[in-house]
Every structure is written in structure tokens, then in C-alpha cells.
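As C-alpha cells, the structure follows; a few thoughts come after it.
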Amino acid sequence: MTPSRKLEIFNDPIYGFISIPNPLVYELIGHPYFQRLRRISQMGLSYLVFPGAHHTRFHHALGSMHLMQQAVQLLRFKGVEISKEEEDGLLIAILLHDIGHGPFSHAMEHSIVQGVTHEAISLFFMEALNRQFNGSLTTAIAIFSGKHPKAFLNQLVSSQLDMDRMDYLKRDSFYTGVAEGNINSERLITMLNVVDGELVVEEKGIYSVEKFLMARRFMYWQVYLHKTSLVAEQLLIRTFKRAKELLVSGVDVGCSDTLLYFLEHTVSKTDFDQEVLERFSRLDDIDIVGALKRWRNHPDFVLSRLCTMLLDRKLLNITLKNRPIDETKLARYFETFKKQHGLGDAETAYFVFSDRIENTAYDRNHQNINILKGNGKLVDVAKASDHLNLKTLSKTVTKYYMCYPKEDT
């Protein structure tokens, strides 16, 4: 089927016009599995902090595909051999790389299903689509799974400097208004090359890579792991944990049929047959928001209070520190809230808790970024750079947080 000319391009606020390269990609974009991404937020509950952060996984997938088109064109110009089949595989793999995300993206990744990552669910979707499209996604699946014999193809989709990261940093920076995250993706792509089958960056691009890694660090601590976003995500996770507990104990919890299925059933990786996949494909942010609005009037104190906090943005206080939380102080908040509302320990733990978060801006143990020097040698960017911060960025940073109710709650 030839796509309508009126629908061959998308007008994107980041890159301008994004073209659809071929009829297969056109059909995949139009498939209900992919159209669902219009109803999955890219940044979860971050809009509670950054009001503009309402863009979706649909936006991000198209943007990543656009960058992949540029990368293929650039590498071919430099003499790197990429066949038509491999090009199609790259474009489809990056287009569908996030198709398995559940509602509110990472916030609920382990609340809906048990121990199944969004990458695993993306693969289930791609395999189902491959059956529907008579094996046309076989190369894309190999690339997405990191099993294609040409390593640089896999790295363009998943590595420390892939098209996924290049798009989400630039896009999330734009929609949040956090200028520190804005990267020059065109410059980075222009500096890419392939040596011995591996993706590398030419020496002229080293400062662009430094900017990219620093931007990633800024975005993680300033945006993705912002303390308000963090506490909101924890409240959402706890809301669905409570809903499941109530259902197990025989208490009625009203919500959409699709969401109810995942609340009533423990769905693990081995349970993902075609029927479960179809059910998952009908689940999106709207189911979650609808449930929150309904549950805010539930007779259960815990469920009702958690939903009200999220809907009215009256969240818990959160303290973020570089050292472990003072357990004495945490216990004091715990006992105060417990007595104030006549709760048991299990119920109080929904509102007073502590944990930790970790982030590594540049994980040298996961496909490091190699710089191609003028003499032909390859050097890890952290060693090639004269920017002292890059070695620091290779270390894992751990922060500790404590959440507890505000005095008026």
C-alpha cells in the first residue's frame, strides 16, 4: 500500500519536518500498537515539576527515527557499507525501541507486570508485528536484541551514544525548558564513524561528546531524578501496590477492565502470550488517571489519600542527601503519622519511607565511547578528554532520600 502524500511527513517542534522513509514504516506507525504511544507520556509525572513536559513516547520514537536516518546517510557518505535491508532494520528497531513502555513510562514499569522490563515487552511486540508483516522485522529484531553481526548497527540503537539518547536529551530539554540538557545532535552524528565494525567518534567531536555527557548528568539530577518527580513516582507505585492488596483481601476496586486484569493477575515474562500482549496494548495513561480519580473517593484511607495527593499535587515532603538517612528522624516521622491517623505499621509505611537512587553519567563498563585519534588509535573518551570531570562522571553517584507527610496532611 502506498502511503498518502499528505501523511508522508510529520512536523516536529525539534527537527522540523520528519519524513516517513517507506511503506512498511508507514504501516507500523499506523498500527494500533504504535498509536498507543500517543497516550504514553515520555517523562511520567515530571509535568508536576516542569509544566511543559507533556510530550509522549510517540514524539520520541519519531524523533529517534529521524536521527537514525541522518546517521545512516552520514555513515554511507563516509564509505560505511549499510545495505537497504540493514537500513530498514535500523529505522524499524529505533522506531519501535520503546513500544513496550507501560503507562507513565518508567514510573510503573514494575507495578503493572512482575519483573518484566519495557525492553522485553518491546521485543514481544516486535515479534508479534514480525508475524503480522511476514518476517519483515527480522533484521530489526536482531539489531534491537544486540545480536546483529555488525556491531555498529546494534550500537546505533543501544549504546552510550545511541539515537535514543540523542533524541530524548534534546527533546526533554526542550519540553522542560532546562537549557543545560540541550545537545547538538547534528554535530554528534556528523562526527560518527566506524572502525573495525565498531561505532566511534572522530577526534574533532570530542568536545561535543563531553557536552553530551555533561548534559546527560544535568538532566538526570535536575530533571529525571528531581526530588519532586521522585516522590510523585513513589506515590504512584504505592497507589497500585495498595490497590492490589485490597483486591487480594476481597475489597472491591473499580477501574477499567484492562487495568483490572493486571491488578488481579500476576503477569511475569512467561505469561506474555498473544492474549496478554493484546491486553497490555490497550493499557495507557488514561487508565491510570481514570483510576486515580475514582479511587480518591474510596473508603480505604491509604488508597484515597495517595490518590488525592497525586491529583491535587499535595505530595509528601522529601529530603535528599549524600549520606544515609538518619533512622531516628525517620522513626519519629513514622510514629507521629501513625498515631495521628490511627494506622498500623503497614499502612504508615505507605507515607513514611526511605530509599536511595544511583546514577552513572558515563558507564564505561557498558560499551564505552571510543575517540578515533588522528593517528588512527582508539582511546576511551574519559582518557582522551582534557576535561577532568569526565573521569568523575564515570563513577556511580548515590543519593539517599526520605519521604514523610507535611504537617497539614
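Scheme for the C-alpha cells: letters A, B, ... for chains in order shown; per-chain residue numbers from 1; ligand numbers from 1 in order shown.
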Selection near A:Gly100, 8 Å with only C-alpha atoms, sequence-local residues under 4 positions removed, as a PyMOL selection string: chain A and resi 118-125
Generate the output file for the selected residues, N, CA, C and O atoms, as a PDB file, in the first residue's frame.
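Ended up saving to again.pdb:
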ATOM      1  N   HIS A 118      10.578  -2.980  30.144  1.00  0.00           N
ATOM      2  CA  HIS A 118       9.915  -2.486  28.930  1.00  0.00           C
ATOM      3  C   HIS A 118      10.641  -2.960  27.677  1.00  0.00           C
ATOM      4  O   HIS A 118      10.023  -3.131  26.624  1.00  0.00           O
ATOM      5  N   GLU A 119      11.961  -3.208  27.785  1.00  0.00           N
ATOM      6  CA  GLU A 119      12.691  -3.733  26.635  1.00  0.00           C
ATOM      7  C   GLU A 119      12.195  -5.120  26.244  1.00  0.00           C
ATOM      8  O   GLU A 119      12.048  -5.429  25.052  1.00  0.00           O
ATOM      9  N   ALA A 120      11.912  -5.947  27.257  1.00  0.00           N
ATOM     10  CA  ALA A 120      11.406  -7.298  26.983  1.00  0.00           C
ATOM     11  C   ALA A 120      10.030  -7.236  26.327  1.00  0.00           C
ATOM     12  O   ALA A 120       9.743  -7.990  25.382  1.00  0.00           O
ATOM     13  N   ILE A 121       9.186  -6.320  26.808  1.00  0.00           N
ATOM     14  CA  ILE A 121       7.838  -6.182  26.227  1.00  0.00           C
ATOM     15  C   ILE A 121       7.930  -5.601  24.817  1.00  0.00           C
ATOM     16  O   ILE A 121       7.174  -6.002  23.920  1.00  0.00           O
ATOM     17  N   SER A 122       8.864  -4.682  24.590  1.00  0.00           N
ATOM     18  CA  SER A 122       9.087  -4.161  23.237  1.00  0.00           C
ATOM     19  C   SER A 122       9.418  -5.303  22.280  1.00  0.00           C
ATOM     20  O   SER A 122       8.923  -5.349  21.142  1.00  0.00           O
ATOM     21  N   LEU A 123      10.246  -6.228  22.743  1.00  0.00           N
ATOM     22  CA  LEU A 123      10.608  -7.374  21.906  1.00  0.00           C
ATOM     23  C   LEU A 123       9.394  -8.245  21.613  1.00  0.00           C
ATOM     24  O   LEU A 123       9.224  -8.720  20.479  1.00  0.00           O
ATOM     25  N   PHE A 124       8.532  -8.450  22.613  1.00  0.00           N
ATOM     26  CA  PHE A 124       7.296  -9.218  22.394  1.00  0.00           C
ATOM     27  C   PHE A 124       6.443  -8.555  21.313  1.00  0.00           C
ATOM     28  O   PHE A 124       5.906  -9.223  20.430  1.00  0.00           O
ATOM     29  N   PHE A 125       6.315  -7.236  21.384  1.00  0.00           N
ATOM     30  CA  PHE A 125       5.541  -6.506  20.377  1.00  0.00           C
ATOM     31  C   PHE A 125       6.173  -6.654  18.988  1.00  0.00           C
ATOM     32  O   PHE A 125       5.479  -6.861  17.984  1.00  0.00           O
TER      33      PHE A 125
END
Using only C-alpha atoms, determine which residues lie at most 8 Å from A:Asp287, disregarding the query and same-chain residues fewer than 6 positions distant; provide the list as a list in words.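 With the cut-off at 8 Å, the set is Cys255, Ser256, Thr258 and Leu259 of chain A.
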Give me, as an NGL selection string, all polymer residues having an atom no more than 9 Å from A:Ala61, counting only C-alpha atoms and skipping those fewer than 2 positions away in the same chain. :A and (37 or 56-59 or 63-66 or 94-99 or 164 or 167)
Nearest to A:Ala349, chosen from A:Leu235, A:Val253, A:Gly181, A:Leu310, with only C-alpha atoms counted in the distances: A:Leu235
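The interatomic distance for the pair atom CA of A:Arg38 and atom CA of A:Ala361 works out to 28.7 Å.
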Can you tell me, as number ranges by chain, what residues are no more than 8 Å from A:Arg36 when counting only C-alpha atoms, ignoring any on the same chain fewer than 6 positions away? A: 281-282, 284
Now that the selection is made, can you save its residues with N, CA, C and O atoms as a short mmCIF file (atom, residue, chain, number, x, y, z; two decimals), in the first residue's frame?
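Written out: out.cif:
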data_model
loop_
_atom_site.label_atom_id
_atom_site.label_comp_id
_atom_site.auth_asym_id
_atom_site.auth_seq_id
_atom_site.Cartn_x
_atom_site.Cartn_y
_atom_site.Cartn_z
N SER A 281 -1.51 -3.91 25.26
CA SER A 281 -1.53 -2.90 24.20
C SER A 281 -2.72 -1.94 24.35
O SER A 281 -2.76 -0.90 23.70
N ARG A 282 -3.69 -2.31 25.18
CA ARG A 282 -4.85 -1.44 25.40
C ARG A 282 -4.70 -0.60 26.67
O ARG A 282 -5.61 0.14 27.05
N ASP A 284 -2.96 2.36 28.90
CA ASP A 284 -2.22 3.61 28.72
C ASP A 284 -2.45 4.55 29.91
O ASP A 284 -3.10 4.18 30.89
#
Just the residues within 9 Å of A:Met214, please, counting only C-alpha atoms, with nothing from its chain fewer than 4 positions along; format it as a VMD selection string. chain A and resid 180 to 181 209 to 210 218 to 219 361 389 to 390 393
Mind writing the picked residues with all heavy atoms as a PDB file, in the first residue's frame?
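To be explicit, this is the file written out as part_5.pdb:
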ATOM      1  N   GLU A 180      20.283  23.334  30.010  1.00  0.00           N
ATOM      2  CA  GLU A 180      21.534  22.591  30.183  1.00  0.00           C
ATOM      3  C   GLU A 180      21.517  21.237  29.476  1.00  0.00           C
ATOM      4  O   GLU A 180      22.562  20.647  29.212  1.00  0.00           O
ATOM      5  CB  GLU A 180      21.835  22.371  31.672  1.00  0.00           C
ATOM      6  CG  GLU A 180      22.208  23.628  32.429  1.00  0.00           C
ATOM      7  CD  GLU A 180      20.996  24.371  32.976  1.00  0.00           C
ATOM      8  OE1 GLU A 180      19.863  24.051  32.549  1.00  0.00           O
ATOM      9  OE2 GLU A 180      21.174  25.264  33.823  1.00  0.00           O
ATOM     10  N   GLY A 181      20.336  20.715  29.192  1.00  0.00           N
ATOM     11  CA  GLY A 181      20.240  19.403  28.552  1.00  0.00           C
ATOM     12  C   GLY A 181      20.280  19.463  27.043  1.00  0.00           C
ATOM     13  O   GLY A 181      20.320  18.426  26.373  1.00  0.00           O
ATOM     14  N   VAL A 209      31.047  15.336  22.490  1.00  0.00           N
ATOM     15  CA  VAL A 209      30.779  14.191  23.372  1.00  0.00           C
ATOM     16  C   VAL A 209      30.821  14.634  24.833  1.00  0.00           C
ATOM     17  O   VAL A 209      29.983  14.233  25.640  1.00  0.00           O
ATOM     18  CB  VAL A 209      31.794  13.045  23.131  1.00  0.00           C
ATOM     19  CG1 VAL A 209      31.566  11.906  24.129  1.00  0.00           C
ATOM     20  CG2 VAL A 209      31.666  12.518  21.710  1.00  0.00           C
ATOM     21  N   GLU A 210      31.796  15.468  25.180  1.00  0.00           N
ATOM     22  CA  GLU A 210      31.869  15.997  26.542  1.00  0.00           C
ATOM     23  C   GLU A 210      30.582  16.738  26.901  1.00  0.00           C
ATOM     24  O   GLU A 210      30.021  16.544  27.979  1.00  0.00           O
ATOM     25  CB  GLU A 210      33.064  16.953  26.674  1.00  0.00           C
ATOM     26  CG  GLU A 210      34.412  16.272  26.651  1.00  0.00           C
ATOM     27  CD  GLU A 210      35.559  17.262  26.720  1.00  0.00           C
ATOM     28  OE1 GLU A 210      35.287  18.488  26.763  1.00  0.00           O
ATOM     29  OE2 GLU A 210      36.721  16.830  26.741  1.00  0.00           O
ATOM     30  N   PHE A 218      23.391  16.600  33.926  1.00  0.00           N
ATOM     31  CA  PHE A 218      22.486  17.668  34.345  1.00  0.00           C
ATOM     32  C   PHE A 218      21.030  17.203  34.306  1.00  0.00           C
ATOM     33  O   PHE A 218      20.256  17.450  35.219  1.00  0.00           O
ATOM     34  CB  PHE A 218      22.648  18.893  33.443  1.00  0.00           C
ATOM     35  CG  PHE A 218      23.768  19.807  33.849  1.00  0.00           C
ATOM     36  CD1 PHE A 218      24.796  20.082  32.958  1.00  0.00           C
ATOM     37  CD2 PHE A 218      23.790  20.398  35.107  1.00  0.00           C
ATOM     38  CE1 PHE A 218      25.836  20.924  33.318  1.00  0.00           C
ATOM     39  CE2 PHE A 218      24.827  21.242  35.478  1.00  0.00           C
ATOM     40  CZ  PHE A 218      25.854  21.504  34.578  1.00  0.00           C
ATOM     41  N   MET A 219      20.658  16.553  33.208  1.00  0.00           N
ATOM     42  CA  MET A 219      19.259  16.143  33.039  1.00  0.00           C
ATOM     43  C   MET A 219      18.846  15.096  34.068  1.00  0.00           C
ATOM     44  O   MET A 219      17.717  15.114  34.551  1.00  0.00           O
ATOM     45  CB  MET A 219      19.029  15.627  31.618  1.00  0.00           C
ATOM     46  CG  MET A 219      19.034  16.719  30.555  1.00  0.00           C
ATOM     47  SD  MET A 219      17.705  17.929  30.756  1.00  0.00           S
ATOM     48  CE  MET A 219      16.297  16.972  30.178  1.00  0.00           C
ATOM     49  N   ALA A 361      26.686   8.861  34.860  1.00  0.00           N
ATOM     50  CA  ALA A 361      26.510   9.620  33.615  1.00  0.00           C
ATOM     51  C   ALA A 361      27.203   8.947  32.443  1.00  0.00           C
ATOM     52  O   ALA A 361      26.707   8.962  31.319  1.00  0.00           O
ATOM     53  CB  ALA A 361      27.034  11.036  33.804  1.00  0.00           C
ATOM     54  N   ASN A 389      36.313  16.465  34.560  1.00  0.00           N
ATOM     55  CA  ASN A 389      35.028  15.974  35.050  1.00  0.00           C
ATOM     56  C   ASN A 389      34.618  14.638  34.444  1.00  0.00           C
ATOM     57  O   ASN A 389      33.821  13.914  35.018  1.00  0.00           O
ATOM     58  CB  ASN A 389      33.915  16.994  34.768  1.00  0.00           C
ATOM     59  CG  ASN A 389      33.944  18.142  35.746  1.00  0.00           C
ATOM     60  OD1 ASN A 389      34.583  18.045  36.787  1.00  0.00           O
ATOM     61  ND2 ASN A 389      33.276  19.231  35.413  1.00  0.00           N
ATOM     62  N   LEU A 390      35.141  14.293  33.260  1.00  0.00           N
ATOM     63  CA  LEU A 390      34.694  13.065  32.605  1.00  0.00           C
ATOM     64  C   LEU A 390      35.059  11.826  33.415  1.00  0.00           C
ATOM     65  O   LEU A 390      34.297  10.863  33.444  1.00  0.00           O
ATOM     66  CB  LEU A 390      35.269  12.960  31.197  1.00  0.00           C
ATOM     67  CG  LEU A 390      34.582  13.800  30.116  1.00  0.00           C
ATOM     68  CD1 LEU A 390      34.897  13.261  28.740  1.00  0.00           C
ATOM     69  CD2 LEU A 390      33.078  13.854  30.297  1.00  0.00           C
ATOM     70  N   LEU A 393      32.526  11.602  36.021  1.00  0.00           N
ATOM     71  CA  LEU A 393      31.236  11.156  35.501  1.00  0.00           C
ATOM     72  C   LEU A 393      31.169   9.644  35.337  1.00  0.00           C
ATOM     73  O   LEU A 393      30.092   9.074  35.218  1.00  0.00           O
ATOM     74  CB  LEU A 393      30.947  11.818  34.154  1.00  0.00           C
ATOM     75  CG  LEU A 393      30.708  13.329  34.157  1.00  0.00           C
ATOM     76  CD1 LEU A 393      30.415  13.825  32.750  1.00  0.00           C
ATOM     77  CD2 LEU A 393      29.564  13.693  35.074  1.00  0.00           C
TER      78      LEU A 393
END
What lies within 12 Å of A:Ser136 using only C-alpha atoms, ignoring chain neighbours under 6 positions off, as a list in words?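 Counting only C-alpha atoms, the residues come to Pro23, Leu24, Val25, Glu27, Leu28, Glu85, Glu86, Asp88, Gly89, Ile92, Ala93, Met126, Glu127, Ala128, Leu129, Asn130 and Ala142 of chain A.
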Grab the residues selected above and save them as a PDB file, in the first residue's frame with N, CA and C atoms.
ATOM      1  N   PRO A  23       6.900   2.444   2.853  1.00  0.00           N
ATOM      2  CA  PRO A  23       5.543   1.992   3.198  1.00  0.00           C
ATOM      3  C   PRO A  23       5.462   1.120   4.450  1.00  0.00           C
ATOM      4  N   LEU A  24       6.495   0.296   4.709  1.00  0.00           N
ATOM      5  CA  LEU A  24       6.459  -0.561   5.895  1.00  0.00           C
ATOM      6  C   LEU A  24       6.483   0.282   7.165  1.00  0.00           C
ATOM      7  N   VAL A  25       7.367   1.268   7.216  1.00  0.00           N
ATOM      8  CA  VAL A  25       7.425   2.158   8.383  1.00  0.00           C
ATOM      9  C   VAL A  25       6.105   2.912   8.526  1.00  0.00           C
ATOM     10  N   GLU A  27       3.142   1.846   7.679  1.00  0.00           N
ATOM     11  CA  GLU A  27       2.147   0.931   8.237  1.00  0.00           C
ATOM     12  C   GLU A  27       2.402   0.647   9.719  1.00  0.00           C
ATOM     13  N   LEU A  28       3.669   0.553  10.102  1.00  0.00           N
ATOM     14  CA  LEU A  28       3.993   0.321  11.515  1.00  0.00           C
ATOM     15  C   LEU A  28       3.565   1.504  12.377  1.00  0.00           C
ATOM     16  N   GLU A  85      18.445  -3.438   3.421  1.00  0.00           N
ATOM     17  CA  GLU A  85      17.837  -4.276   4.461  1.00  0.00           C
ATOM     18  C   GLU A  85      18.297  -3.837   5.852  1.00  0.00           C
ATOM     19  N   GLU A  86      19.583  -3.524   5.979  1.00  0.00           N
ATOM     20  CA  GLU A  86      20.118  -3.078   7.267  1.00  0.00           C
ATOM     21  C   GLU A  86      19.582  -1.702   7.635  1.00  0.00           C
ATOM     22  N   ASP A  88      16.642  -0.444   6.736  1.00  0.00           N
ATOM     23  CA  ASP A  88      15.259  -0.645   7.182  1.00  0.00           C
ATOM     24  C   ASP A  88      15.232  -1.224   8.591  1.00  0.00           C
ATOM     25  N   GLY A  89      16.151  -2.163   8.859  1.00  0.00           N
ATOM     26  CA  GLY A  89      16.227  -2.762  10.193  1.00  0.00           C
ATOM     27  C   GLY A  89      16.539  -1.735  11.263  1.00  0.00           C
ATOM     28  N   ILE A  92      13.432   0.627  11.779  1.00  0.00           N
ATOM     29  CA  ILE A  92      12.331  -0.045  12.482  1.00  0.00           C
ATOM     30  C   ILE A  92      12.707  -0.317  13.936  1.00  0.00           C
ATOM     31  N   ALA A  93      13.954  -0.738  14.169  1.00  0.00           N
ATOM     32  CA  ALA A  93      14.396  -1.032  15.536  1.00  0.00           C
ATOM     33  C   ALA A  93      14.313   0.204  16.420  1.00  0.00           C
ATOM     34  N   MET A 126       7.500  -6.527  18.920  1.00  0.00           N
ATOM     35  CA  MET A 126       8.185  -6.619  17.630  1.00  0.00           C
ATOM     36  C   MET A 126       8.035  -8.009  17.020  1.00  0.00           C
ATOM     37  N   GLU A 127       8.083  -9.027  17.869  1.00  0.00           N
ATOM     38  CA  GLU A 127       7.909 -10.399  17.370  1.00  0.00           C
ATOM     39  C   GLU A 127       6.486 -10.617  16.864  1.00  0.00           C
ATOM     40  N   ALA A 128       5.509 -10.043  17.552  1.00  0.00           N
ATOM     41  CA  ALA A 128       4.112 -10.150  17.107  1.00  0.00           C
ATOM     42  C   ALA A 128       3.931  -9.416  15.775  1.00  0.00           C
ATOM     43  N   LEU A 129       4.522  -8.238  15.647  1.00  0.00           N
ATOM     44  CA  LEU A 129       4.433  -7.479  14.399  1.00  0.00           C
ATOM     45  C   LEU A 129       5.167  -8.204  13.276  1.00  0.00           C
ATOM     46  N   ASN A 130       6.259  -8.886  13.611  1.00  0.00           N
ATOM     47  CA  ASN A 130       7.004  -9.633  12.603  1.00  0.00           C
ATOM     48  C   ASN A 130       6.151 -10.740  11.997  1.00  0.00           C
ATOM     49  N   ALA A 142      16.953  -8.472  15.287  1.00  0.00           N
ATOM     50  CA  ALA A 142      18.350  -8.831  15.553  1.00  0.00           C
ATOM     51  C   ALA A 142      19.133  -7.625  16.056  1.00  0.00           C
TER      52      ALA A 142
END
Tell me which protein, DNA and RNA residues are within 7 Å of stretch 225-231 of chain A, counting only C-alpha atoms, leaving out same-chain ones fewer than 6 positions away, and put them as a PyMOL selection string. chain A and resi 45-46+49+316+318
Which residue out of A:Ile18, A:Leu199, A:Leu311, A:Met43 has the minimum interatomic distance to A:Asn297 when only C-alpha atoms are used?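 Using only C-alpha atoms, A:Asn297 sits closest to A:Leu311.
Atom CA of A:Phe17 is positioned 26.1 Å from atom CA of A:Ile143.
With only C-alpha atoms as the atoms that count, the minimum distance from A:Pro299 to the choices A:Lys339, A:Val251, A:Ser158, A:Glu358 is reached by A:Val251.
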Which residue out of A:Lys399, A:His298, A:Gln367, A:Leu137 has the minimum interatomic distance to A:Ala151 when only C-alpha atoms are used?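 Comparing A:Lys399, A:His298, A:Gln367, A:Leu137 against A:Ala151, the winner is A:Gln367.
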Could you check the closest approach to A:Ala53 for each of A:Glu109, A:Asp172, A:Glu203, A:Glu8 and tell me which residue wins, using only C-alpha atoms? A:Asp172
With distances taken over only C-alpha atoms, the candidate from A:Phe144, A:Phe240, A:Tyr404, A:Tyr224 nearest A:Leu263 is A:Phe240
Name the residues of stretch 83-201 of chain A that fall into strand (DSSP E or B) according to DSSP on the backbone, using the chain letters and numbers of this document, as a VMD selection string. chain A and resid 192 to 195 198 to 201
Quick one: write out the picked residues with all heavy atoms as a compact mmCIF listing (two decimals), in the first residue's frame?
# COMPACT_ATOMS: atom_id res chain seq x y z
N LEU A 192 30.39 10.85 13.79
CA LEU A 192 30.39 9.38 13.92
C LEU A 192 31.16 8.73 12.78
O LEU A 192 31.21 9.25 11.66
CB LEU A 192 28.96 8.84 13.94
CG LEU A 192 28.08 9.18 15.14
CD1 LEU A 192 26.68 8.60 14.97
CD2 LEU A 192 28.71 8.68 16.44
N ASN A 193 31.74 7.57 13.08
CA ASN A 193 32.41 6.77 12.06
C ASN A 193 32.43 5.32 12.54
O ASN A 193 31.98 5.04 13.67
CB ASN A 193 33.83 7.28 11.80
CG ASN A 193 34.28 7.05 10.37
OD1 ASN A 193 33.89 6.06 9.74
ND2 ASN A 193 35.08 7.96 9.84
N VAL A 194 32.92 4.44 11.71
CA VAL A 194 33.00 3.02 12.07
C VAL A 194 34.43 2.54 11.84
O VAL A 194 34.99 2.74 10.76
CB VAL A 194 32.01 2.17 11.23
CG1 VAL A 194 32.22 0.68 11.51
CG2 VAL A 194 30.58 2.58 11.54
N VAL A 195 35.02 1.91 12.87
CA VAL A 195 36.36 1.34 12.78
C VAL A 195 36.30 -0.09 13.30
O VAL A 195 35.80 -0.34 14.41
CB VAL A 195 37.38 2.16 13.60
CG1 VAL A 195 38.74 1.46 13.60
CG2 VAL A 195 37.51 3.56 13.04
N GLU A 198 33.05 -1.26 14.77
CA GLU A 198 32.53 -0.62 15.98
C GLU A 198 32.27 0.87 15.73
O GLU A 198 33.02 1.52 14.99
CB GLU A 198 33.53 -0.76 17.14
CG GLU A 198 33.87 -2.19 17.51
CD GLU A 198 32.84 -2.83 18.43
OE1 GLU A 198 32.06 -2.08 19.06
OE2 GLU A 198 32.83 -4.08 18.53
N LEU A 199 31.25 1.40 16.39
CA LEU A 199 30.92 2.82 16.27
C LEU A 199 31.93 3.65 17.07
O LEU A 199 32.21 3.35 18.24
CB LEU A 199 29.51 3.07 16.81
CG LEU A 199 28.83 4.39 16.43
CD1 LEU A 199 28.58 4.43 14.93
CD2 LEU A 199 27.51 4.53 17.19
N VAL A 200 32.49 4.68 16.44
CA VAL A 200 33.46 5.55 17.11
C VAL A 200 33.11 7.01 16.81
O VAL A 200 32.28 7.30 15.95
CB VAL A 200 34.92 5.26 16.65
CG1 VAL A 200 35.30 3.82 16.94
CG2 VAL A 200 35.09 5.58 15.16
N VAL A 201 33.78 7.92 17.51
CA VAL A 201 33.62 9.35 17.28
C VAL A 201 34.97 9.91 16.85
O VAL A 201 35.99 9.65 17.51
CB VAL A 201 33.13 10.08 18.55
CG1 VAL A 201 32.99 11.57 18.29
CG2 VAL A 201 31.80 9.50 19.01
Taking the DSSP assignment computed from this structure's backbone, write out as an NGL selection string all residues of stretch 31-201 of chain A that belong to alpha helix (DSSP H). :A and (32-35 or 57-77 or 84-95 or 118-132 or 138-144 or 151-157 or 163-176 or 185-190)
